[in-house]
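Heads up: the structure comes next, in structure tokens.
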Amino acid sequence: MKIALKNCHLIHPLQKINKKAGLLLEDGIISKIGNLSAEDLKNAEVFDLKDNFIAPGFFDMHVHLREPGREDEETVLTGCDAAAQGGFTGIACMPNTEPALDSAEVISLIKDKAKNHLVEVFPVGAATVDRKGEVLSPMAELYDAGAVGFSDDGVAIKTARILKTALEYSTMFDVPIIEHCEDDSLAGGAMNEGVTSTFLGLPPIPSVAEDLIVMRDILMAEYTGGKVHIAHMSTKKSAQMVREAKAKGIRVTSEVSPHHFTLTDEAVKGYNTNTKMNPPLRTQEDVEAMLEGLRDGTIDCIASDHAPHSLEEKEMEFEYAPNGIVGLETQIGLALTELYHKKVLTIEQVVEKFGINPRKILNLPICNFEVGQEANFTIFDANEIWSVDISQFKSKSKNSPFNKRLLKGKATGVINKKKMILNGKSQEL
Amino acid sequence: MPLSSRHLLGLETTPKEDIKLILDTATTFKEVLERPIKRVPTLQGKTVVNLFYENSTRTRISFELAEKRLSADAVNFAVSTSSVSKGETFKDTIKNIEAMKIDMVVVRHAAAGTPLYLTQLCDSHIINAGDGIHEHPTQGLLDMYSIREKLGKLEGVKVCIVGDIAHSRVALSNIFGLKTIGAEVSVCGPATMIPHSIKELGVKVFHNIDEAIQENDVLNILRIQLERKARSNFPSLREYHRFYGITNDRLEKNGKDILILHLGPINRGVEISSEVADGNKQIILQQVTNGVAVRMAVLYLLGTQN
């Protein structure tokens, strides 16, 4: 099948492309880039992209799919639907399922469930058996089954000794150890420690709980030569340590979640459980440090930490409610609104944070604008103004603090695996 | 003049006029408590549910007596905290209770913010009887009432709250209420018991109890939690008593008339010595009496709103 995409705004920072052009795809393979002639359009289904950007397929490297174990909250397929709706052609799913992603069988199960979907799913294997931090998981076997990184996400790898072993072992596959940085003995609170936690009487989590583990992990990456990726970074000090480590050539990368560059802990006033997540919302100073980190490249990518929870679990006393919010379907809008339109990042940098760097970190191929390549693209309108409506989410869960928020910029389509979804309409290519 | 709010959730959000109104109204009810027949028909036909998700004897009895003396129908609903994770959700419990047609809920809960959450779930008037380490507004009000009764005023009075400020809902309610009304508030305790961001609450911090005694008119002494977990913030009860315990020697050494409050139950020999707890500077039992009057005032002012 032949389709013609007219009036595209191609953007590809690696190829240094930022231009308006047409794109011709035949059976999902790029057959022409440039002005489309009458001959090109013959027998083609034509779509007018109205100058929407088209970029290498966006990738969210921090998603909780809840399968296996909590299929009432999300499944591989509903998570993929949410990812597609949010503008992502690939996601990495975290291993804190029940059972954890610590066996080749579970990794294969997830790959298998997703195999016919437009969105590709790359599991992150557990770094230790059952994420308990005691025994190293069968990392080589998990890698062979399709794991693209290893993590005990939900918690940091428990001890320095097992972290050292995991990092050393991971160098054989050159995949990152993805760390949820939080010192266990300082964990367990309900919000960031500060003025607001004092006023609200909520048990606090000090920012130093994150900083300590970031420091430990950087030192261990330096010592072992392994790759550490700091997940959902949220504090000013963490950003500074990652900045300095990168300057020294230590193999450390980092991500930030949209809520950590959009909201502060003041959002917790009112005890809305959709403002409860871990790491918690921090202070304005931390938010500014996240923006600075994004700007100067300390923070490589943006990842949602999409954490679906059922309504009855979140409709609860704040201290008892689980941590986390869904984010797949709002994060491109939030990034364009808060980063691009507020001139923190250029459009090229936004594309890097979503479409280039996450794939680089996980050693995954990046689709170029080249004849013969299989199309893997995200299409977005940088200027569309829309209002978040949780009832329209494809995700099974609706736990978002951004409901009714006005955003500027929206994902409008995705193309991958010879499939396209454009403005909500899906078709085979 | 009515209260500006339908609920009493905390003193942080209670304006000065409301605090004054409650304290003045409590004076009237205190007089009722001195009568041979301690009952008025003010809340006849109103139903108040005492919803206690946390063990409490004195606060619950104080509220229950206040309700009965106003002729309200009082119902006690005690829920053991262990059932929270297993059984019915909080929301379902509330919906069920409200379906029985009630007017007010007095709530005690281990999780901060629950009274506010309750206002979103039902239409009844909500009174916070203590939520986690957030607020305990009626305790704050009765402490203020007791100080005012004894010293004749609150404006400009120097009050120091002594103990584990970081884990005390009573401390926070006292700080908010006293500051609103114009008292000078300070706190005293070991550094591990003072919240990280205390300065932004606008109170002075003492780590030396002798200085605190010298510079204040009132000491409001908090109970030290004896449970192991709560005690990890200081080395030992012996050390606490030695450096922060209020004793006659200490009061005499600093040679100053000072008013002693304690919300009870007291740990004799820990935060306060027996001779001070039974001595002539303390008003611990007057606080208990005033608690009923203050709670009557709050129930009356909210219960007679439309």
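Each chain of the structure tokens is named A, B, ... in the order shown, its residues numbered from 1; ligands are numbered from 1 in display order.
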
Identify, on the basis of only C-alpha atoms, every residue whose closest approach to region 50-63 of chain B does not exceed 7 Å; exclude the query and any residue fewer than 4 positions from it along the same chain; express the result as a PDB file with N, CA and C atoms, in the first residue's frame.
ATOM      1  N   GLU B  67     -21.350  17.078  73.391  1.00  0.00           N
ATOM      2  CA  GLU B  67     -22.527  16.818  72.561  1.00  0.00           C
ATOM      3  C   GLU B  67     -23.756  16.577  73.432  1.00  0.00           C
ATOM      4  N   VAL B  75     -23.355   9.610  68.574  1.00  0.00           N
ATOM      5  CA  VAL B  75     -23.112   8.217  68.211  1.00  0.00           C
ATOM      6  C   VAL B  75     -21.606   8.022  68.092  1.00  0.00           C
ATOM      7  N   ASN B  76     -21.110   6.984  68.727  1.00  0.00           N
ATOM      8  CA  ASN B  76     -19.669   6.712  68.631  1.00  0.00           C
ATOM      9  C   ASN B  76     -19.406   5.636  67.608  1.00  0.00           C
ATOM     10  N   PHE B  77     -18.450   5.908  66.766  1.00  0.00           N
ATOM     11  CA  PHE B  77     -18.094   4.953  65.726  1.00  0.00           C
ATOM     12  C   PHE B  77     -16.585   4.787  65.794  1.00  0.00           C
ATOM     13  N   ALA B  78     -16.144   3.713  66.421  1.00  0.00           N
ATOM     14  CA  ALA B  78     -14.701   3.491  66.560  1.00  0.00           C
ATOM     15  C   ALA B  78     -14.270   2.427  65.567  1.00  0.00           C
ATOM     16  N   VAL B  79     -13.278   2.765  64.809  1.00  0.00           N
ATOM     17  CA  VAL B  79     -12.792   1.827  63.802  1.00  0.00           C
ATOM     18  C   VAL B  79     -11.344   1.507  64.139  1.00  0.00           C
ATOM     19  N   SER B  80     -11.028   0.238  64.186  1.00  0.00           N
ATOM     20  CA  SER B  80      -9.629  -0.081  64.456  1.00  0.00           C
ATOM     21  C   SER B  80      -8.837   0.162  63.182  1.00  0.00           C
ATOM     22  N   THR B  81      -7.666   0.724  63.359  1.00  0.00           N
ATOM     23  CA  THR B  81      -6.873   1.101  62.190  1.00  0.00           C
ATOM     24  C   THR B  81      -6.512  -0.103  61.333  1.00  0.00           C
ATOM     25  N   VAL B 105     -19.883  15.446  61.886  1.00  0.00           N
ATOM     26  CA  VAL B 105     -18.930  14.366  62.137  1.00  0.00           C
ATOM     27  C   VAL B 105     -17.718  14.938  62.870  1.00  0.00           C
ATOM     28  N   VAL B 106     -17.382  14.309  63.986  1.00  0.00           N
ATOM     29  CA  VAL B 106     -16.131  14.626  64.682  1.00  0.00           C
ATOM     30  C   VAL B 106     -15.174  13.516  64.312  1.00  0.00           C
ATOM     31  N   VAL B 107     -14.062  13.861  63.666  1.00  0.00           N
ATOM     32  CA  VAL B 107     -13.197  12.796  63.147  1.00  0.00           C
ATOM     33  C   VAL B 107     -11.790  12.851  63.716  1.00  0.00           C
ATOM     34  N   ARG B 108     -11.316  11.672  64.107  1.00  0.00           N
ATOM     35  CA  ARG B 108      -9.927  11.489  64.553  1.00  0.00           C
ATOM     36  C   ARG B 108      -9.341  10.434  63.628  1.00  0.00           C
ATOM     37  N   HIS B 109      -8.209  10.746  63.035  1.00  0.00           N
ATOM     38  CA  HIS B 109      -7.645   9.809  62.049  1.00  0.00           C
ATOM     39  C   HIS B 109      -6.127   9.915  62.043  1.00  0.00           C
ATOM     40  N   ALA B 110      -5.460   8.795  61.818  1.00  0.00           N
ATOM     41  CA  ALA B 110      -3.998   8.792  61.830  1.00  0.00           C
ATOM     42  C   ALA B 110      -3.393   9.447  60.591  1.00  0.00           C
ATOM     43  N   GLY B 291     -11.830  22.077  77.976  1.00  0.00           N
ATOM     44  CA  GLY B 291     -11.973  21.325  76.731  1.00  0.00           C
ATOM     45  C   GLY B 291     -13.430  21.054  76.409  1.00  0.00           C
ATOM     46  N   VAL B 292     -14.207  20.713  77.429  1.00  0.00           N
ATOM     47  CA  VAL B 292     -15.630  20.440  77.196  1.00  0.00           C
ATOM     48  C   VAL B 292     -16.336  21.733  76.763  1.00  0.00           C
ATOM     49  N   ARG B 295     -15.357  22.679  73.197  1.00  0.00           N
ATOM     50  CA  ARG B 295     -15.968  21.775  72.202  1.00  0.00           C
ATOM     51  C   ARG B 295     -17.467  22.032  72.102  1.00  0.00           C
TER      52      ARG B 295
END

Contacts of Phe402 (chain A) within 8 Å, only C-alpha atoms, excl. fewer than 3 positions in-chain, as a list in words: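 Close residues of Phe402 (chain A): Thr330, Val388 and Arg405 of chain A.
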
Those residues you just picked out, can you put them in a file as a JSON list (two decimals), in the first residue's frame with N, CA and C atoms?
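What ended up in result_35.json:
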[["chain", "number", "residue", "atom", "x", "y", "z"],
["A", 330, "THR", "N", -0.10, 12.69, 28.44],
["A", 330, "THR", "CA", 0.00, 14.14, 28.67],
["A", 330, "THR", "C", 1.42, 14.67, 28.49],
["A", 388, "VAL", "N", -6.71, 18.74, 28.74],
["A", 388, "VAL", "CA", -6.59, 17.33, 29.14],
["A", 388, "VAL", "C", -7.94, 16.85, 29.66],
["A", 405, "ARG", "N", -6.24, 20.58, 32.47],
["A", 405, "ARG", "CA", -5.17, 21.54, 32.24],
["A", 405, "ARG", "C", -5.09, 21.88, 30.76]]

Spatial neighbours of Ser426 (chain A), 12 Å, only C-alpha atoms, chain gap at least 4 places, as a PyMOL selection string: chain A and resi 81+84-85+117-118+412-416+418-422

Test item: chain A residues at most 7 Å from chain B, counting only C-alpha atoms, as a list in words: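 Every residue meeting the condition is included here: Gly194, Val195, Thr198, Leu200, Gly201, Leu202, Tyr271, Met316, Glu317, Phe318 and Glu319 of chain A.
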
Residue contacts of Phe173 (chain A) (12 Å, only C-alpha atoms) excluding same-chain residues fewer than 5 positions away, as a ChimeraX atom specification: /A:139-144,146-150,166-168,226-227,362-363

Sel. of alpha helix (DSSP H) residues, region 145-270 of chain A, as a PyMOL selection string: chain A and resi 145+160-170+195-200+208-224+236-247+258-262
